[in-house]
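Participant: Would you mind keeping the following structure in view while I ask a few things?
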Amino acid sequence: MKLMFEKSVAGRGTHYLPALDVQEPEDLDPKFARQSDLDLPELSEVDVDRHYSELDRATFGVNNGIYMLGSCTMKYNPPVHELIVNRPEWAGLHPLQPEDSAQGALEAIGTLEHYLAEISGMNVVTFQPVAGAHGELVGLLTIRAYLESKGEGDRKVIFVPDAAHGTNPASASMAGFEIKAIPVFEDGSIDLDKLKEVAGPDTAGLMLTNPNTEGHFETGIREVCDIIHEAGGCCYYDGANLNAVMGVVRPGDMGFDLIHFNLHKTFSTPHGGGGPGACAVGAKEFLEEFLPGERAVKNGDTWEWETPAHSIGRVSTFHGNFLVMLRALSYVLTLGADGIRYTAQNAVLNANYMMFALKDLFPMASPDRCMHEFVASASKLKKETGVTAMDISKALLDYGVHPPTMYFPLTIPEALMVEPTETEPKETLDYAIKAFREIVELAHTDPEKVIGAPYTTPIARPDDVEAARHPILKYVPEEA
Ligand SMILES: *Cc1c(COP(=O)(O)O)cnc(C)c1O
């Protein structure tokens with residue numbers, strides 16, 4: 001497909017520029033003025049419209065079909081949120097505006113803080129970080145600041161399970177901690193006795209997702225947190241994806257001291273195209289003074305920005321991604337307490353429905369019951385037919401179905417991690433199940449056909465290793 005610049009035809013154009021609504025500068029030094037015309041594409045309105053429609057057709061999003069990317073919660077994002085956040089009263093605010101002229105915005109942030117604290121069982125929430133991994137780093141730096149304040153800065157060990165999201169050990173390492181694996185049994189549940197043995201005076205804390213990445217809900221979680229607390233550490237909950245538990249059970253009640261939520265996953269902001277995201281970090285009261293600044297706080301009748309007393313400092317310019325917070329607030333207020341619980345229950349129901357319909361085809365990581373996602377292994381199919389998890393994913397594209405997350409978690413060979421999300425109706429789930437079944441059948445009768453897929457997409461199998469090692473970041477027009 002050609003770029004707009006290549007489609008440009010000299011002299012063509014459509015001009016609907018609004019009238020200048022600021023004063024034209026009178027004494028602008030000519031050295032600041034442009035010396036030549038801007039090289040913009042010259043196109044008619046219909047050219048531009050078709051260009052973007054073509055780009056739209058070459059892209060797959062939640063609006064096109066089921067997007068079952070496990071761990072990522074690619075949920076449907078209601079367009080009404082876009083109407084809300086695009087109102088000039090919100091979108092036109094300047095982050096350096098005096099507080100008294102932005103009371104509504106501070107109140108919106110404070111209100112979202114209240115609801116997220118309620119949902120997670122925490123006392124305070126900061127909105128400074130702009131991505132999940134960024135939130136993890138904030139959480140870990142907060143733990144470090146807390147330990148240092150007690151004269152225990154030499155505690156270095158953070159326990160992380162083997163099945164954890166890769167960002168967990170990466171963030172812990174960036175924050176200067178040493179990572180140790182949490183001891184688990186075959187079925188993925190935590191070995192409490194072993195944990196008791198390894199937790200001690202060097203323990204800084206633990207990072208965990210519950211249900212874990214394989215879909216297993218750790219019922220002994222209170223004991224796990226008790227062991228870490230008794231050893232003198234803090235417990236961090238990776239709540240990037242809260243779809244299975246929100247409105248049902250609260251990480252704060254499980255014993256966790258900190259949590260991060262990806263507002264761009266569970267709380268409805270489109271993601272996958274590279275942002276913008278926003279991450280909220282919730283904490284128990286004893287950690288409040290260390291959180292990054294500033295936070296929106298109500299003093300008497302007025303909202304103000306306040307930096308916590310022993311803050312780890314700023315972690316982003318200004319106040320985080322405000323419009324993403326506003327989408328999350330719209331989502332929470334639209335659903336209400338019952339709606340949030342119903343969302344989680346439906347997410348779990350949809351995932352179990354699909355898992356049980358595919359159980360005879362693939363061994364499952366948590367076969368009795370999963371949470372909001374399940375992990376299937378294609379390793380048996382690979383042995384029998386040569387068809388891999390990657391080939392299945394590619395073949396799904398021809399069905400107009402976005403593939404699941406592949407090769408994660410690392411603990412499951414040929415992993416396919418499916419998260420259908422709560423808004424998918426039964427007909428769509430049945431269609432995706434049928435796609436999986438037909439692909440597996442084809443793998444047994446004509447494996448080469450599956451290995452050659454996809455046949456209908458603009459790009460079939462890019463060399464992703466080559467793309468990562470030698471990225472071509474400059475576009476060279478065809479004619480050149
Ligand atoms: C997505 C995710 C993260 C990281 O979030 P980013 O916004 O991509 O940085 C961390 N943990 C889990 C479990 C996730 O699913």
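Order determines the names: the first chain of the structure tokens is A, the second B, and so forth; residues in each chain are numbered 1 upward, and ligands are numbered 1 upward as they are shown.
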As a PyMOL selection string, please: every residue in range 77-255 of chain A that DSSP puts in strand (DSSP E).
Facilitator: chain A and resi 124-126+157-160+178-181+203-208+234-239
Participant: Quick one: residues within 12 Å of range 33-39 of chain A, only C-alpha atoms counted, chain neighbours fewer than 2 positions away excluded, as a VMD selection string?
Facilitator: chain A and resid 4 to 6 8 10 25 27 to 31 41 to 42
Participant: Enumerate residues in contact with ligand 1: an atom-to-atom distance of at most 10 Å, counting only C-alpha atoms and all ligand atoms. Format the result as a VMD selection string.
Facilitator: chain A and resid 69 to 73 129 to 136 163 to 168 171 208 to 210 212 to 213 237 to 242 260 to 266 271 to 272 274 to 279
Participant: So that I can see what lies close to Glu448 in chain A, please list as a list in words the residues with an atom at most 12 Å from it, counting only C-alpha atoms and leaving out residues fewer than 5 positions away in the same chain.
Facilitator: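 In the requested format, the answer is Thr385, Gly386, Val387, Thr388, Asp391, Ile392, Ala395, Ile439, Leu442, Ala443, Ala453 and Pro454 of chain A.
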Participant: Keeping only C-alpha atoms, write the selected residues to a file as a PDB file, in the first residue's frame.
Facilitator:
ATOM      1  CA  THR A 385       1.826 -33.589  12.872  1.00  0.00           C
ATOM      2  CA  GLY A 386       4.661 -31.046  12.951  1.00  0.00           C
ATOM      3  CA  VAL A 387       2.103 -28.240  13.323  1.00  0.00           C
ATOM      4  CA  THR A 388       3.139 -25.766  16.046  1.00  0.00           C
ATOM      5  CA  ASP A 391       1.078 -22.425  12.802  1.00  0.00           C
ATOM      6  CA  ILE A 392      -2.289 -22.686  14.573  1.00  0.00           C
ATOM      7  CA  ALA A 395      -4.202 -20.390  10.459  1.00  0.00           C
ATOM      8  CA  ILE A 439      -7.344 -26.382  12.054  1.00  0.00           C
ATOM      9  CA  LEU A 442      -6.442 -30.187   8.910  1.00  0.00           C
ATOM     10  CA  ALA A 443      -3.158 -30.608  10.795  1.00  0.00           C
ATOM     11  CA  ALA A 453      -1.157 -20.248   6.493  1.00  0.00           C
ATOM     12  CA  PRO A 454      -2.293 -17.474   6.453  1.00  0.00           C
TER      13      PRO A 454
END
Participant: Extract, using only C-alpha atoms, all DNA, RNA and protein residues at most 7 Å from range 174-184 of chain A, discarding same-chain residues fewer than 5 positions from it, and format them as a ChimeraX atom specification.
Facilitator: /A:137,140-141,156-162,169,189-191,194-195
Participant: Considering only C-alpha atoms, can you say which of A:Pro367, A:Gly11, A:Gly282, A:Gly247 comes closest to Asn346 in chain A?
Facilitator: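 Smallest distance to Asn346 in chain A is found for A:Gly247.
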Participant: I want to know what sits within 8 Å of Ala199 in chain A, based on only C-alpha atoms, with residues of the same chain fewer than 4 positions away left out; could you give that as number ranges by chain?
Facilitator: A: 195, 203, 227-228, 231
Participant: Mind writing the picked residues with all heavy atoms as a PDB file, in the first residue's frame?
Facilitator:
ATOM      1  N   LEU A 195       8.392 -22.270  51.095  1.00  0.00           N
ATOM      2  CA  LEU A 195       8.446 -20.801  51.120  1.00  0.00           C
ATOM      3  C   LEU A 195       8.898 -20.321  52.500  1.00  0.00           C
ATOM      4  O   LEU A 195       9.707 -19.405  52.627  1.00  0.00           O
ATOM      5  CB  LEU A 195       7.074 -20.213  50.759  1.00  0.00           C
ATOM      6  CG  LEU A 195       7.020 -18.681  50.663  1.00  0.00           C
ATOM      7  CD1 LEU A 195       7.905 -18.165  49.527  1.00  0.00           C
ATOM      8  CD2 LEU A 195       5.586 -18.176  50.445  1.00  0.00           C
ATOM      9  N   THR A 203      14.636 -11.158  52.834  1.00  0.00           N
ATOM     10  CA  THR A 203      13.428 -11.045  52.007  1.00  0.00           C
ATOM     11  C   THR A 203      12.912  -9.607  51.960  1.00  0.00           C
ATOM     12  O   THR A 203      12.625  -9.011  52.997  1.00  0.00           O
ATOM     13  CB  THR A 203      12.311 -11.955  52.568  1.00  0.00           C
ATOM     14  OG1 THR A 203      12.776 -13.302  52.519  1.00  0.00           O
ATOM     15  CG2 THR A 203      11.019 -11.824  51.766  1.00  0.00           C
ATOM     16  N   ILE A 227       3.464 -15.468  55.532  1.00  0.00           N
ATOM     17  CA  ILE A 227       4.865 -15.927  55.598  1.00  0.00           C
ATOM     18  C   ILE A 227       5.810 -14.783  55.206  1.00  0.00           C
ATOM     19  O   ILE A 227       6.812 -14.530  55.881  1.00  0.00           O
ATOM     20  CB  ILE A 227       5.079 -17.156  54.671  1.00  0.00           C
ATOM     21  CG1 ILE A 227       4.323 -18.370  55.233  1.00  0.00           C
ATOM     22  CG2 ILE A 227       6.569 -17.468  54.505  1.00  0.00           C
ATOM     23  CD1 ILE A 227       4.238 -19.557  54.284  1.00  0.00           C
ATOM     24  N   ILE A 228       5.456 -14.080  54.121  1.00  0.00           N
ATOM     25  CA  ILE A 228       6.309 -12.975  53.663  1.00  0.00           C
ATOM     26  C   ILE A 228       6.314 -11.836  54.691  1.00  0.00           C
ATOM     27  O   ILE A 228       7.362 -11.260  55.011  1.00  0.00           O
ATOM     28  CB  ILE A 228       5.849 -12.463  52.278  1.00  0.00           C
ATOM     29  CG1 ILE A 228       6.001 -13.561  51.224  1.00  0.00           C
ATOM     30  CG2 ILE A 228       6.613 -11.200  51.861  1.00  0.00           C
ATOM     31  CD1 ILE A 228       7.416 -14.069  51.003  1.00  0.00           C
ATOM     32  N   ALA A 231       8.385 -12.644  57.638  1.00  0.00           N
ATOM     33  CA  ALA A 231       9.818 -12.538  57.323  1.00  0.00           C
ATOM     34  C   ALA A 231      10.253 -11.073  57.204  1.00  0.00           C
ATOM     35  O   ALA A 231      11.433 -10.770  57.105  1.00  0.00           O
ATOM     36  CB  ALA A 231      10.127 -13.290  56.032  1.00  0.00           C
TER      37      ALA A 231
END
Participant: Show me, as a PyMOL selection string, the residues that have an atom within 7 Å of Glu289 in chain A when counting only C-alpha atoms, minus same-chain residues fewer than 3 positions from it.
Facilitator: chain A and resi 308-311
